[in-house]
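Reproduced below: coords_37.txt, with compact mmCIF, C-alpha atoms (C1' of nucleotides).
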```txt
# COMPACT_ATOMS: atom_id res chain seq x y z
CA MET A 1 96.48 -47.70 -139.58
CA LYS A 2 97.89 -44.71 -141.37
CA GLU A 3 96.93 -43.94 -144.92
CA THR A 4 99.83 -45.04 -147.03
CA TYR A 5 100.41 -46.34 -150.50
CA CYS A 6 100.36 -49.73 -148.91
CA THR A 7 96.86 -49.41 -147.56
CA ALA A 8 95.54 -47.78 -150.73
CA HIS A 9 96.81 -50.69 -152.73
CA LEU A 10 95.30 -53.02 -150.22
CA ARG A 11 91.89 -51.47 -150.54
CA SER A 12 91.99 -52.11 -154.26
CA ILE A 13 92.73 -55.71 -153.54
CA SER A 14 89.97 -55.94 -150.97
CA ASP A 15 87.50 -54.36 -153.36
CA THR A 16 88.21 -57.04 -155.90
CA LEU A 17 87.92 -59.83 -153.40
CA GLU A 18 84.64 -58.41 -152.19
CA LEU A 19 83.16 -58.83 -155.65
CA ILE A 20 84.34 -62.34 -156.25
CA GLY A 21 84.19 -63.52 -152.65
CA GLY A 22 81.49 -65.71 -151.26
CA LYS A 23 81.24 -69.40 -151.72
CA TRP A 24 79.84 -69.56 -155.23
CA LYS A 25 80.69 -66.40 -157.15
CA LEU A 26 83.90 -67.59 -158.72
CA LEU A 27 82.31 -70.86 -159.63
CA ILE A 28 79.44 -69.12 -161.34
CA LEU A 29 81.79 -66.77 -163.17
CA THR A 30 83.96 -69.67 -164.26
CA LEU A 31 80.94 -71.45 -165.66
CA LEU A 32 79.80 -68.35 -167.52
CA PHE A 33 83.30 -67.89 -168.87
CA SER A 34 83.08 -71.20 -170.63
CA GLU A 35 79.45 -70.91 -171.60
CA SER A 36 77.26 -67.85 -171.88
CA PRO A 37 74.40 -67.39 -171.60
CA MET A 38 73.13 -69.94 -169.15
CA ARG A 39 69.71 -70.19 -167.64
CA PHE A 40 69.03 -70.26 -163.93
CA SER A 41 68.35 -73.95 -163.78
CA GLU A 42 71.27 -74.74 -166.04
CA ILE A 43 73.64 -73.11 -163.61
CA GLU A 44 71.86 -74.81 -160.76
CA ARG A 45 72.29 -78.22 -162.36
CA ALA A 46 75.86 -77.53 -163.45
CA ILE A 47 76.89 -76.78 -159.91
CA GLY A 48 74.69 -79.45 -158.46
CA THR A 49 75.02 -78.59 -154.81
CA ILE A 50 73.91 -74.98 -154.72
CA THR A 51 70.46 -74.15 -153.41
CA PRO A 52 68.21 -71.84 -155.41
CA ARG A 53 68.33 -69.41 -152.55
CA MET A 54 72.09 -69.07 -152.73
CA LEU A 55 72.18 -69.07 -156.51
CA SER A 56 69.64 -66.29 -156.61
CA LYS A 57 71.54 -64.26 -154.06
CA GLU A 58 74.90 -64.63 -155.72
CA LEU A 59 73.54 -63.88 -159.18
CA LYS A 60 71.90 -60.76 -157.84
CA GLU A 61 75.15 -59.52 -156.36
CA LEU A 62 77.10 -60.29 -159.51
CA GLU A 63 74.52 -58.45 -161.54
CA MET A 64 74.55 -55.51 -159.16
CA ASN A 65 78.24 -55.15 -159.81
CA GLU A 66 77.69 -55.45 -163.54
CA LEU A 67 79.81 -58.54 -163.86
CA ILE A 68 76.93 -60.43 -165.38
CA GLU A 69 73.78 -59.44 -167.20
CA ARG A 70 70.34 -60.85 -166.60
CA ARG A 71 67.85 -61.08 -169.45
CA VAL A 72 64.21 -61.94 -169.09
CA TYR A 73 62.16 -63.34 -171.95
CA PRO A 74 58.38 -63.00 -171.95
CA THR A 75 57.77 -66.65 -172.63
CA MET A 76 55.28 -68.65 -170.70
CA PRO A 77 56.49 -69.29 -168.11
CA VAL A 78 59.17 -66.63 -168.25
CA SER A 79 62.69 -67.69 -169.01
CA VAL A 80 65.77 -65.92 -167.77
CA ASP A 81 69.37 -66.18 -168.71
CA TYR A 82 72.64 -64.85 -167.46
CA ARG A 83 75.76 -63.94 -169.34
CA LEU A 84 79.09 -62.34 -168.63
CA THR A 85 79.38 -58.67 -169.41
CA ASP A 86 82.49 -57.33 -171.09
CA TYR A 87 83.31 -55.93 -167.71
CA GLY A 88 82.96 -59.38 -166.21
CA ARG A 89 85.25 -60.76 -168.89
CA SER A 90 87.90 -58.30 -167.83
CA LEU A 91 88.25 -60.42 -164.71
CA ASP A 92 90.00 -63.11 -166.71
CA SER A 93 93.44 -61.75 -165.87
CA VAL A 94 92.58 -62.00 -162.20
CA MET A 95 91.21 -65.49 -162.54
CA VAL A 96 94.20 -66.60 -164.55
CA ALA A 97 96.55 -65.22 -161.93
CA LEU A 98 94.66 -66.97 -159.15
CA GLY A 99 94.44 -70.19 -161.12
CA ASP A 100 98.06 -70.26 -162.19
CA TRP A 101 99.31 -69.66 -158.72
CA GLY A 102 96.99 -72.30 -157.36
CA LYS A 103 98.25 -74.86 -159.83
CA LYS A 104 101.83 -74.32 -158.78
CA HIS A 105 100.81 -74.19 -155.17
CA ARG A 106 99.19 -77.60 -155.24
CA LYS A 107 102.60 -79.17 -155.62
CA ARG A 108 103.59 -77.82 -152.24
CA ILE A 109 102.67 -78.64 -148.70
CA MET A 110 99.37 -77.03 -148.02
CA HIS A 111 97.49 -78.97 -145.42
CA PRO A 112 98.43 -79.26 -141.78
CA VAL A 113 100.71 -82.24 -141.58
CA VAL A 114 101.74 -83.77 -138.33
CA VAL A 115 105.36 -84.75 -138.52
CA GLU A 116 106.10 -87.04 -135.62
CA SER A 117 109.69 -87.72 -136.43
CA LEU A 118 111.74 -87.00 -139.46
CA PRO A 119 114.74 -89.19 -140.24
CA ALA A 120 118.08 -87.50 -140.71
CA MET B 1 79.15 -81.22 -160.80
CA LYS B 2 81.11 -83.24 -163.30
CA GLU B 3 84.84 -83.19 -163.32
CA THR B 4 85.81 -80.96 -166.19
CA TYR B 5 88.65 -78.68 -167.08
CA CYS B 6 86.43 -75.96 -165.81
CA THR B 7 86.15 -77.37 -162.30
CA ALA B 8 89.82 -78.31 -162.16
CA HIS B 9 90.74 -74.75 -162.96
CA LEU B 10 88.27 -73.58 -160.41
CA ARG B 11 89.81 -75.66 -157.70
CA SER B 12 93.16 -74.04 -158.37
CA ILE B 13 91.49 -70.68 -157.93
CA SER B 14 89.77 -71.76 -154.75
CA ASP B 15 93.00 -73.11 -153.35
CA THR B 16 94.62 -69.76 -153.82
CA LEU B 17 91.76 -67.87 -152.28
CA GLU B 18 91.79 -70.22 -149.34
CA LEU B 19 95.33 -69.22 -148.53
CA ILE B 20 94.85 -65.50 -148.80
CA GLY B 21 91.27 -65.43 -147.59
CA GLY B 22 90.24 -64.35 -144.16
CA LYS B 23 89.93 -60.83 -143.02
CA TRP B 24 93.56 -60.01 -142.38
CA LYS B 25 95.83 -62.27 -144.42
CA LEU B 26 96.19 -60.03 -147.42
CA LEU B 27 96.78 -57.05 -145.22
CA ILE B 28 99.51 -58.85 -143.33
CA LEU B 29 101.11 -60.05 -146.56
CA THR B 30 100.95 -56.57 -148.03
CA LEU B 31 102.69 -55.18 -144.97
CA LEU B 32 105.39 -57.82 -145.12
CA PHE B 33 105.84 -57.13 -148.82
CA SER B 34 106.84 -53.59 -148.03
CA GLU B 35 108.77 -54.39 -144.88
CA SER B 36 110.26 -57.66 -143.71
CA PRO B 37 110.81 -58.79 -141.09
CA MET B 38 108.31 -57.34 -138.69
CA ARG B 39 107.73 -58.25 -135.10
CA PHE B 40 104.40 -59.38 -133.75
CA SER B 41 103.66 -56.10 -132.03
CA GLU B 42 104.85 -54.10 -135.00
CA ILE B 43 102.29 -55.75 -137.22
CA GLU B 44 99.71 -55.33 -134.51
CA ARG B 45 100.38 -51.60 -134.28
CA ALA B 46 100.63 -51.17 -138.04
CA ILE B 47 97.17 -52.61 -138.53
CA GLY B 48 95.82 -50.97 -135.45
CA THR B 49 92.48 -52.71 -135.25
CA ILE B 50 93.46 -56.36 -135.18
CA THR B 51 93.32 -58.25 -131.92
CA PRO B 52 96.28 -60.38 -130.85
CA ARG B 53 94.05 -63.40 -131.06
CA MET B 54 93.33 -62.86 -134.74
CA LEU B 55 96.87 -61.81 -135.57
CA SER B 56 98.21 -64.93 -133.97
CA LYS B 57 95.73 -67.10 -135.79
CA GLU B 58 96.35 -65.57 -139.21
CA LEU B 59 100.13 -65.64 -138.82
CA LYS B 60 99.95 -69.28 -137.87
CA GLU B 61 97.98 -70.15 -140.97
CA LEU B 62 100.26 -68.14 -143.21
CA GLU B 63 103.24 -69.88 -141.68
CA MET B 64 101.62 -73.27 -142.06
CA ASN B 65 101.34 -72.63 -145.76
CA GLU B 66 104.93 -71.45 -145.89
CA LEU B 67 104.04 -68.02 -147.10
CA ILE B 68 105.82 -66.46 -144.16
CA GLU B 69 108.57 -67.57 -141.82
CA ARG B 70 108.57 -67.17 -138.08
CA ARG B 71 111.82 -66.71 -136.22
CA VAL B 72 112.24 -66.81 -132.48
CA TYR B 73 115.16 -65.15 -130.73
CA PRO B 74 116.17 -66.33 -127.25
CA THR B 75 116.22 -62.88 -125.77
CA MET B 76 114.55 -62.09 -122.49
CA PRO B 77 111.66 -61.92 -122.99
CA VAL B 78 111.70 -63.75 -126.28
CA SER B 79 111.30 -61.77 -129.45
CA VAL B 80 109.73 -63.08 -132.60
CA ASP B 81 109.64 -61.79 -136.12
CA TYR B 82 107.94 -62.69 -139.31
CA ARG B 83 109.09 -62.34 -142.89
CA LEU B 84 107.90 -63.33 -146.32
CA THR B 85 109.37 -66.48 -147.75
CA ASP B 86 110.40 -66.59 -151.40
CA TYR B 87 107.31 -68.63 -151.88
CA GLY B 88 105.25 -65.89 -150.30
CA ARG B 89 106.84 -63.37 -152.60
CA SER B 90 105.67 -65.39 -155.56
CA LEU B 91 102.19 -64.19 -154.69
CA ASP B 92 103.03 -60.75 -155.99
CA SER B 93 101.62 -61.51 -159.42
CA VAL B 94 98.33 -62.47 -157.81
CA MET B 95 98.27 -59.39 -155.63
CA VAL B 96 99.14 -57.17 -158.54
CA ALA B 97 96.33 -58.67 -160.61
CA LEU B 98 93.84 -58.20 -157.79
CA GLY B 99 95.07 -54.70 -157.08
CA ASP B 100 95.10 -53.55 -160.70
CA TRP B 101 91.62 -54.80 -161.33
CA GLY B 102 90.40 -53.17 -158.15
CA LYS B 103 91.87 -49.84 -159.15
CA LYS B 104 90.06 -49.85 -162.46
CA HIS B 105 86.96 -51.18 -160.80
CA ARG B 106 86.73 -48.28 -158.37
CA LYS B 107 85.84 -45.99 -161.25
CA ARG B 108 82.70 -47.96 -161.84
CA ILE B 109 79.44 -48.38 -160.07
CA MET B 110 79.99 -50.76 -157.25
CA HIS B 111 77.59 -50.08 -154.46
CA PRO B 112 73.86 -50.65 -154.55
CA VAL B 113 72.41 -47.48 -155.98
CA VAL B 114 68.72 -46.78 -155.98
CA VAL B 115 67.75 -45.12 -159.22
CA GLU B 116 64.29 -43.70 -158.81
CA SER B 117 63.96 -42.18 -162.23
CA LEU B 118 66.44 -41.62 -164.94
CA PRO B 119 65.86 -38.82 -167.47
CA ALA B 120 65.75 -39.69 -171.16
C1' DC C 1 106.58 -59.36 -125.54
C1' DG C 2 103.95 -62.74 -127.81
C1' DG C 3 100.69 -64.98 -127.40
C1' DA C 4 96.50 -68.66 -125.31
C1' DA C 5 91.79 -69.28 -123.18
C1' DT C 6 87.24 -68.19 -122.84
C1' DC C 7 83.01 -66.09 -124.02
C1' DC C 8 79.90 -64.17 -127.20
C1' DC C 9 77.65 -62.45 -131.29
C1' DA C 10 76.86 -61.55 -136.34
C1' DT C 11 76.48 -63.55 -140.76
C1' DG C 12 76.99 -66.91 -144.18
C1' DC C 13 75.12 -70.61 -145.67
C1' DG C 14 72.13 -74.92 -145.94
C1' DA C 15 67.46 -77.30 -145.69
C1' DT C 16 62.92 -77.12 -146.56
C1' DA C 17 58.76 -75.43 -148.18
C1' DC C 18 56.13 -72.47 -151.01
C1' DT C 19 54.74 -69.28 -155.30
C1' DG C 20 53.58 -66.57 -159.83
C1' DC D 1 60.94 -72.24 -164.57
C1' DA D 2 62.84 -68.98 -161.62
C1' DG D 3 62.78 -67.76 -157.92
C1' DT D 4 61.06 -66.22 -152.35
C1' DA D 5 60.21 -67.18 -147.28
C1' DT D 6 61.39 -69.06 -143.08
C1' DC D 7 64.20 -71.50 -140.00
C1' DG D 8 68.33 -72.96 -137.94
C1' DC D 9 73.09 -73.88 -137.28
C1' DA D 10 78.11 -73.57 -137.95
C1' DT D 11 81.76 -70.63 -138.52
C1' DG D 12 84.38 -66.31 -138.43
C1' DG D 13 85.71 -62.98 -135.85
C1' DG D 14 85.59 -59.43 -131.72
C1' DA D 15 86.21 -58.43 -126.56
C1' DT D 16 88.26 -59.53 -122.55
C1' DT D 17 91.23 -61.82 -119.50
C1' DC D 18 95.22 -64.40 -118.32
C1' DC D 19 100.12 -66.50 -118.87
C1' DG D 20 105.38 -67.62 -119.31
```
Now that the file is in, can you turn its structure into structure tokens?
Amino acid sequence: MKETYCTAHLRSISDTLELIGGKWKLLILTLLFSESPMRFSEIERAIGTITPRMLSKELKELEMNELIERRVYPTMPVSVDYRLTDYGRSLDSVMVALGDWGKKHRKRIMHPVVVESLPA
Amino acid sequence: MKETYCTAHLRSISDTLELIGGKWKLLILTLLFSESPMRFSEIERAIGTITPRMLSKELKELEMNELIERRVYPTMPVSVDYRLTDYGRSLDSVMVALGDWGKKHRKRIMHPVVVESLPA
DNA sequence: CGGAATCCCATGCGATACTG
DNA sequence: CAGTATCGCATGGGATTCCG
């Protein structure tokens, strides 16, 4: 594929999706949007179906991209919490766009529907 | 996870991502945004690295969700083209949001960087 | 031309168990 | 509490071949 404006724009889009892709990232970000900071086990309980392995992995990737910040407190045992960074908060426009479109979309056909016969 | 505003909003977001997820969908949509209609083999050539199997599959899903329209012409052999629907065009706000954020994002650290020592 | 069928592999993700 | 280690499978996606 030739290098065009089209593909450059697309790479920007792909970059964004790469950061918020994966099964849990948007869910975690959404939680942290409404409540920051949250501790590891708080997020785990809030989601309910995520395994610690996945939570750990996703948090690590979000932190690597500076969307969230991880703080460790020298308590005994240690406690850790996670919060959105300002950079992470800048995603709100993206999440609003995705959410708004999704809300409208829900009113439309979206699942494979078998239409055997349609009258008139 | 309890049913809250938070999760309802999240489902809207997930719905949207479900439609434009997959490796090629956004690329196909971006192409069709800049040029509609396009024939099957035109899209194939434009992307360059997609296999007909995947192109067929992605187009089918996009059509199922009414984001694009497929038209068949009874030529010999048959020709087919694809174009954005008005509904598909309504995704532009989403794609702009994703693209804009990605453009800003590129200026920041995004790949795993090993910092051995940092002065001062 | 516009696909469908088949085979195959990488990885994403879940389940379970364990640890400082 | 906040993870890590290991295993295993399902799914996504590529390569190749064939078809009307």
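Residues in contact range of DT4 of chain D, defined as at most 9 Å between only C-alpha atoms (C1' of nucleotides), with sequence neighbours fewer than 2 positions away removed, read Arg53 of chain A; DC18 and DT19 of chain C.
With atom CA of Met64 of chain B on one side and atom CA of Ser12 of chain B on the other, the separation reads 18.4 Å.
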Tell me which protein, DNA and RNA residues are within 10 Å of DA17 of chain C, counting only C-alpha atoms (C1' of nucleotides), leaving out same-chain ones fewer than 2 positions away, and put them as a ChimeraX atom specification.
-> /C:15 /D:5-6
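Residue list for chain C within 10 Å of chain B: DC1, DG2, DG3 and DA4 of chain C, counting all atoms listed in the file.
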C-alpha atoms (C1' of nucleotides) of the current selection, written as a compact mmCIF listing (two decimals), keeping the file's coordinate frame:
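Produced file selection_5.txt, reproduced below:
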```
# COMPACT_ATOMS: atom_id res chain seq x y z
C1' DC C 1 106.58 -59.36 -125.54
C1' DG C 2 103.95 -62.74 -127.81
C1' DG C 3 100.69 -64.98 -127.40
C1' DA C 4 96.50 -68.66 -125.31
```
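In this model, the gap between atom CA of Glu42 of chain A and atom CA of Pro74 of chain A comes to 18.4 Å.
Using all atoms listed in the file, the smallest distance between any of A:Leu98, A:Leu31, A:Leu59, A:Ala46 and chain D comes from A:Leu59.
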Residues of chain B that approach chain A to 6 Å or less, counting only C-alpha atoms: could you list each one with the shortest pair of atoms and its distance in Å to one decimal, rows by chain and increasing residue number, as CSV?
```
residue,atom,partner,partner_atom,distance
B:Met1,CA,A:Ile47,CA,5.1
B:Ser12,CA,A:Gly102,CA,4.3
B:Ile13,CA,A:Gly99,CA,4.4
B:Asp15,CA,A:Gly102,CA,5.7
B:Thr16,CA,A:Gly102,CA,5.0
B:Ala46,CA,A:Met1,CA,5.6
B:Ile47,CA,A:Met1,CA,5.1
B:Gly48,CA,A:Met1,CA,5.3
B:Asn65,CA,A:Met110,CA,5.3
B:Val94,CA,A:Ala97,CA,5.3
B:Ala97,CA,A:Val94,CA,5.3
B:Leu98,CA,A:Ile13,CA,5.0
B:Gly99,CA,A:Ile13,CA,4.4
B:Gly102,CA,A:Ser12,CA,4.3
B:Lys103,CA,A:Ser12,CA,5.4
B:Met110,CA,A:Asn65,CA,5.4
```
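Between atom CA of Ile43 of chain A and atom CA of Asp81 of chain A the separation is 9.6 Å.
Taking all atoms listed in the file into account, chain B lies nearest to D:DG14 out of the set D:DC19, D:DC7, D:DC1, D:DG14.
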Would you kindly report the residues of chain B within 9 Å of chain D, using only C-alpha atoms (C1' of nucleotides), as a ChimeraX atom specification?
-> /B:22-23,51,54
Please rebuild segment 60-84 of chain A with N, CA and C atoms and give the result as a CSV table (one decimal), in the frame of the given file.
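Contents of selection_18.csv, freshly written:
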```
chain,number,residue,atom,x,y,z
A,60,LYS,N,72.4,-62.1,-158.0
A,60,LYS,CA,71.9,-60.8,-157.8
A,60,LYS,C,73.1,-59.8,-157.5
A,61,GLU,N,74.0,-60.3,-156.7
A,61,GLU,CA,75.2,-59.5,-156.4
A,61,GLU,C,76.1,-59.3,-157.6
A,62,LEU,N,76.2,-60.4,-158.3
A,62,LEU,CA,77.1,-60.3,-159.5
A,62,LEU,C,76.5,-59.3,-160.5
A,63,GLU,N,75.2,-59.4,-160.6
A,63,GLU,CA,74.5,-58.4,-161.5
A,63,GLU,C,74.6,-57.0,-161.0
A,64,MET,N,74.5,-56.8,-159.8
A,64,MET,CA,74.6,-55.5,-159.2
A,64,MET,C,75.9,-54.9,-159.5
A,65,ASN,N,76.9,-55.7,-159.5
A,65,ASN,CA,78.2,-55.2,-159.8
A,65,ASN,C,78.6,-55.2,-161.3
A,66,GLU,N,77.6,-55.5,-162.1
A,66,GLU,CA,77.7,-55.4,-163.5
A,66,GLU,C,78.7,-56.5,-164.1
A,67,LEU,N,78.9,-57.5,-163.3
A,67,LEU,CA,79.8,-58.5,-163.9
A,67,LEU,C,79.0,-59.5,-164.8
A,68,ILE,N,77.8,-59.6,-164.5
A,68,ILE,CA,76.9,-60.4,-165.4
A,68,ILE,C,75.7,-59.6,-165.8
A,69,GLU,N,75.0,-60.1,-166.8
A,69,GLU,CA,73.8,-59.4,-167.2
A,69,GLU,C,72.6,-60.4,-167.2
A,70,ARG,N,71.5,-60.0,-166.7
A,70,ARG,CA,70.3,-60.8,-166.6
A,70,ARG,C,69.3,-60.4,-167.6
A,71,ARG,N,68.9,-61.4,-168.4
A,71,ARG,CA,67.8,-61.1,-169.4
A,71,ARG,C,66.6,-61.9,-169.2
A,72,VAL,N,65.5,-61.3,-169.3
A,72,VAL,CA,64.2,-61.9,-169.1
A,72,VAL,C,63.4,-62.0,-170.4
A,73,TYR,N,62.9,-63.2,-170.7
A,73,TYR,CA,62.2,-63.3,-172.0
A,73,TYR,C,60.7,-63.6,-171.6
A,74,PRO,N,59.8,-62.9,-172.3
A,74,PRO,CA,58.4,-63.0,-172.0
A,74,PRO,C,57.7,-64.3,-172.5
A,75,THR,N,58.4,-65.4,-172.2
A,75,THR,CA,57.8,-66.6,-172.6
A,75,THR,C,56.8,-67.0,-171.5
A,76,MET,N,56.2,-68.2,-171.7
A,76,MET,CA,55.3,-68.6,-170.7
A,76,MET,C,55.6,-70.1,-170.3
A,77,PRO,N,56.1,-70.3,-169.1
A,77,PRO,CA,56.5,-69.3,-168.1
A,77,PRO,C,57.7,-68.5,-168.5
A,78,VAL,N,58.0,-67.5,-167.9
A,78,VAL,CA,59.2,-66.6,-168.2
A,78,VAL,C,60.5,-67.4,-168.2
A,79,SER,N,61.4,-67.1,-169.1
A,79,SER,CA,62.7,-67.7,-169.0
A,79,SER,C,63.7,-66.6,-168.8
A,80,VAL,N,64.8,-66.9,-168.1
A,80,VAL,CA,65.8,-65.9,-167.8
A,80,VAL,C,67.1,-66.5,-168.1
A,81,ASP,N,68.0,-65.7,-168.6
A,81,ASP,CA,69.4,-66.2,-168.7
A,81,ASP,C,70.4,-65.2,-168.2
A,82,TYR,N,71.6,-65.7,-168.0
A,82,TYR,CA,72.6,-64.8,-167.5
A,82,TYR,C,73.9,-65.0,-168.3
A,83,ARG,N,74.5,-63.9,-168.6
A,83,ARG,CA,75.8,-63.9,-169.3
A,83,ARG,C,76.8,-63.0,-168.8
A,84,LEU,N,78.0,-63.3,-169.0
A,84,LEU,CA,79.1,-62.3,-168.6
A,84,LEU,C,79.0,-61.0,-169.4
```
